[in-house]
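Below you'll find the structure, written out as structure tokens, and then a few comments.
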Amino acid sequence: MKSGTERLNVLIILIAMCFLSGIAFADEGIHKNVPEDMTDSISYSRHLIHRIGIDVRPTYIFPTNSFLRGDNMDMEPIRKSVSAHLKYSFQYYPNSYTDRIYRGSYQGLGLSMYSFEDKEEIGNPFAIYLFQGARIARINPRLSLNYEWNFGVSFGWKPYDEYDNRYNKVIGSKINAYINTNFYLNYILSKELDLTAGVDLTHFSNGNTRFPNAGLNTIGLKVGLVYNFNRNGDLFSKSFFQPPVPRFPRHISYDVVLFGSWRRKGVYVGEGQIAAPGAFAVAGFNINPMYNFGYNFRAGVSVDGVYDESANIYADPSSSSTEQFYRPPLSYQLALGLSARAEYVMPYFTVGIGLGGNVIHRGGDLKGLYQVLALKIEVTRSSFIHIGYNLQNFHTPNYLMLGIGYRFHNKYPTFHR
């Protein structure tokens, strides 16, 4: 059940994540010549700027499936969609430690409504999502180049049905993941109001939990307004006095993650694939020693163990209409791998990417490279929720990674608590 869509999905997300990781090295000189022992006795403003934003996002739909190219009830290409977004966020005051370290970081909760050209076969879904953004570069006191990611769940799709919606082989479930990255210019119109405009990339899919899972990808524009309830007017000019930020205590930390999920599996029979009936369990762990380079970036390696109930199952046609599926011994469904990891660290959220391969396995489905995209959501200082996705050889969808984690030997200073 592979498609060119998955290659496009991975390229969109990996390019964005690598870009975000790269800007973490733009130090801006925020902690030069400051004694390291200051990290244990710091003071900073806990005042927050509360924000309400609205976005309108007209988009072009990538024609990565025959359904989108015109193989549908209307026999017309499906090219356009538009969405409206209502968002609440909070931001730390300019010149505070958190604002300077994380480049004006903001985070919050969003609600969006989508309208597609073919609502009879696709539906008009809505999404609820977490989001976070920050400044990439300040062009002048009023204008900056920013990024933002959105991650959440979308509802209200009309999925594929063999009898009632047989053309729609893009969306296989009523509930799908929503992943978005956008880059935009932010212009300060007044003490209260910001104008935003930029480019928007979006991906919808069900994480291989149901067939079909071709996914839907869009690119378009983002135009919006943000109202800041309690922002001061002194942000129009850079302050002459900026209190020094403590030097970051570089160290090695250790993340331990336990995850589980379920997945569907396509099995080759002859020259094509057929869907194996039912869902298959997945469980695993990651042990990641990570070197913390600074406030925004950590990298290291990971030992990755997995049990995939669907690995190496095979079909043996017993008649012209029925296929019998067989499961191999347990050892053919277990694997242990090594991967390189990099993480972009921000308040409350950490975005990570990984590239690795299984080194202990019995072959078949467990051979080759695998890629990991992960979001870690801070619960306490050292514990987190882990939401990830694993792919094989940059194009084959594997499984979701839903779990919990704990960070040992964590010396990371937290300014946002």
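Ligands are numbered from 1 in the order shown, chains are lettered A, B, ... in the order of the structure tokens, and residues start at 1 in each chain.
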(request) May I have the residues within 9 Å of A:Asn124 as JSON, numbers by chain, using only C-alpha atoms and disregarding those fewer than 5 positions away in the same chain? (result) {"A": [113, 114, 115, 116, 118, 119, 155, 156, 157, 158]}
N, CA and C atoms of the current selection, written as an mmCIF file, in the first residue's frame:
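Saved as result38.cif:
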```cif
data_model
loop_
_atom_site.group_PDB
_atom_site.id
_atom_site.type_symbol
_atom_site.label_atom_id
_atom_site.label_comp_id
_atom_site.auth_asym_id
_atom_site.auth_seq_id
_atom_site.Cartn_x
_atom_site.Cartn_y
_atom_site.Cartn_z
ATOM 1 N N MET A 113 -11.435 25.008 10.609
ATOM 2 C CA MET A 113 -12.485 24.408 9.790
ATOM 3 C C MET A 113 -12.002 24.392 8.346
ATOM 4 N N TYR A 114 -12.225 23.261 7.643
ATOM 5 C CA TYR A 114 -11.745 23.084 6.270
ATOM 6 C C TYR A 114 -12.917 22.930 5.308
ATOM 7 N N SER A 115 -12.724 23.473 4.108
ATOM 8 C CA SER A 115 -13.708 23.323 3.047
ATOM 9 C C SER A 115 -12.983 22.839 1.792
ATOM 10 N N PHE A 116 -13.406 21.690 1.257
ATOM 11 C CA PHE A 116 -12.834 21.116 0.039
ATOM 12 C C PHE A 116 -13.835 21.226 -1.106
ATOM 13 N N ASP A 118 -14.765 18.954 -3.178
ATOM 14 C CA ASP A 118 -15.629 17.771 -3.261
ATOM 15 C C ASP A 118 -16.035 17.340 -1.858
ATOM 16 N N LYS A 119 -16.890 18.108 -1.227
ATOM 17 C CA LYS A 119 -17.264 17.804 0.154
ATOM 18 C C LYS A 119 -18.123 16.545 0.255
ATOM 19 N N PHE A 155 -11.286 15.815 12.478
ATOM 20 C CA PHE A 155 -12.515 15.028 12.549
ATOM 21 C C PHE A 155 -13.433 15.407 11.379
ATOM 22 N N GLY A 156 -14.426 14.544 11.136
ATOM 23 C CA GLY A 156 -15.466 14.889 10.182
ATOM 24 C C GLY A 156 -15.167 14.537 8.741
ATOM 25 N N TRP A 157 -14.209 13.643 8.500
ATOM 26 C CA TRP A 157 -13.915 13.205 7.133
ATOM 27 C C TRP A 157 -14.960 12.182 6.669
ATOM 28 N N LYS A 158 -15.131 12.087 5.371
ATOM 29 C CA LYS A 158 -15.926 11.021 4.764
ATOM 30 C C LYS A 158 -14.943 10.011 4.185
#
```
(request) Name the residues in contact with A:Glu343 at a cut-off of 8 Å, using only C-alpha atoms, excluding same-chain residues fewer than 5 positions from it; report them as a ChimeraX atom specification. (result) /A:21,297-299,350-353
Okay, now the selection with N, CA and C atoms, as an mmCIF file, in the first residue's frame?
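The resulting result-v7.cif:
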```cif
data_model
loop_
_atom_site.group_PDB
_atom_site.id
_atom_site.type_symbol
_atom_site.label_atom_id
_atom_site.label_comp_id
_atom_site.auth_asym_id
_atom_site.auth_seq_id
_atom_site.Cartn_x
_atom_site.Cartn_y
_atom_site.Cartn_z
ATOM 1 N N SER A 21 15.993 22.635 13.323
ATOM 2 C CA SER A 21 17.172 22.227 14.076
ATOM 3 C C SER A 21 18.360 23.112 13.736
ATOM 4 N N PHE A 297 19.229 22.814 21.340
ATOM 5 C CA PHE A 297 19.606 21.680 20.509
ATOM 6 C C PHE A 297 20.286 20.590 21.320
ATOM 7 N N ARG A 298 19.852 19.331 21.057
ATOM 8 C CA ARG A 298 20.530 18.163 21.605
ATOM 9 C C ARG A 298 20.593 17.090 20.520
ATOM 10 N N ALA A 299 21.610 16.237 20.590
ATOM 11 C CA ALA A 299 21.769 15.184 19.585
ATOM 12 C C ALA A 299 22.477 14.002 20.220
ATOM 13 N N THR A 350 9.416 19.433 22.380
ATOM 14 C CA THR A 350 10.668 19.085 21.714
ATOM 15 C C THR A 350 10.333 18.308 20.450
ATOM 16 N N VAL A 351 10.868 18.761 19.310
ATOM 17 C CA VAL A 351 10.649 18.106 18.030
ATOM 18 C C VAL A 351 11.914 17.353 17.648
ATOM 19 N N GLY A 352 11.800 16.053 17.331
ATOM 20 C CA GLY A 352 12.976 15.246 17.051
ATOM 21 C C GLY A 352 12.876 14.483 15.742
ATOM 22 N N ILE A 353 14.038 14.204 15.135
ATOM 23 C CA ILE A 353 14.116 13.365 13.951
ATOM 24 C C ILE A 353 15.165 12.284 14.200
#
```
(message) I need the residue nearest A:Phe285 from this list: A:Gly207, A:Gly368, A:Gly403, A:Gly357. Use only C-alpha atoms for the distance.
(response) A:Gly403
(request) List every residue of stretch 125-298 of chain A that DSSP, applied to the backbone, labels as strand (DSSP E), and write the result as a ChimeraX atom specification. (result) /A:125-138,143-157,176-188,193-205,216-228,251-263,266-269,272-275,280-292,297-298
For stretch 333-383 of chain A against stretch 103-106 of chain A, with a cut-off of 12 Å and counting only C-alpha atoms, what is the closest atom pair and its distance in Å to one decimal for every residue that makes the cut, ordered by chain and number, as a Markdown table?
```
| residue | atom | partner | partner_atom | distance |
| --- | --- | --- | --- | --- |
| A:Val345 | CA | A:Ser105 | CA | 11.2 |
| A:Met346 | CA | A:Ser105 | CA | 7.8 |
| A:Pro347 | CA | A:Ser105 | CA | 7.8 |
| A:Tyr348 | CA | A:Tyr106 | CA | 10.4 |
| A:Phe349 | CA | A:Ser105 | CA | 11.0 |
```
(request) Please provide as a PyMOL selection string all residues within 9 Å of A:Phe259, with the sequence filter that same-chain residues fewer than 6 positions apart are discarded (counting only C-alpha atoms). (result) chain A and resi 282-286+386-387+400-405
(request) Have a look at A:Ile252, A:Ile101, A:Ala197, A:Ala127 and name the one nearest to A:Tyr147; count only C-alpha atoms. (result)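 When distances to A:Tyr147 are compared using only C-alpha atoms, the smallest one comes from A:Ala197.
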(request) Go through A:Ile360, A:Met290, A:Val199, A:Ile385 one by one, measure the shortest atom-to-atom distance of each to A:Ala340 using only C-alpha atoms, and give the residue with the smallest value. (result)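 Under the stated criterion, the closest residue is A:Met290.
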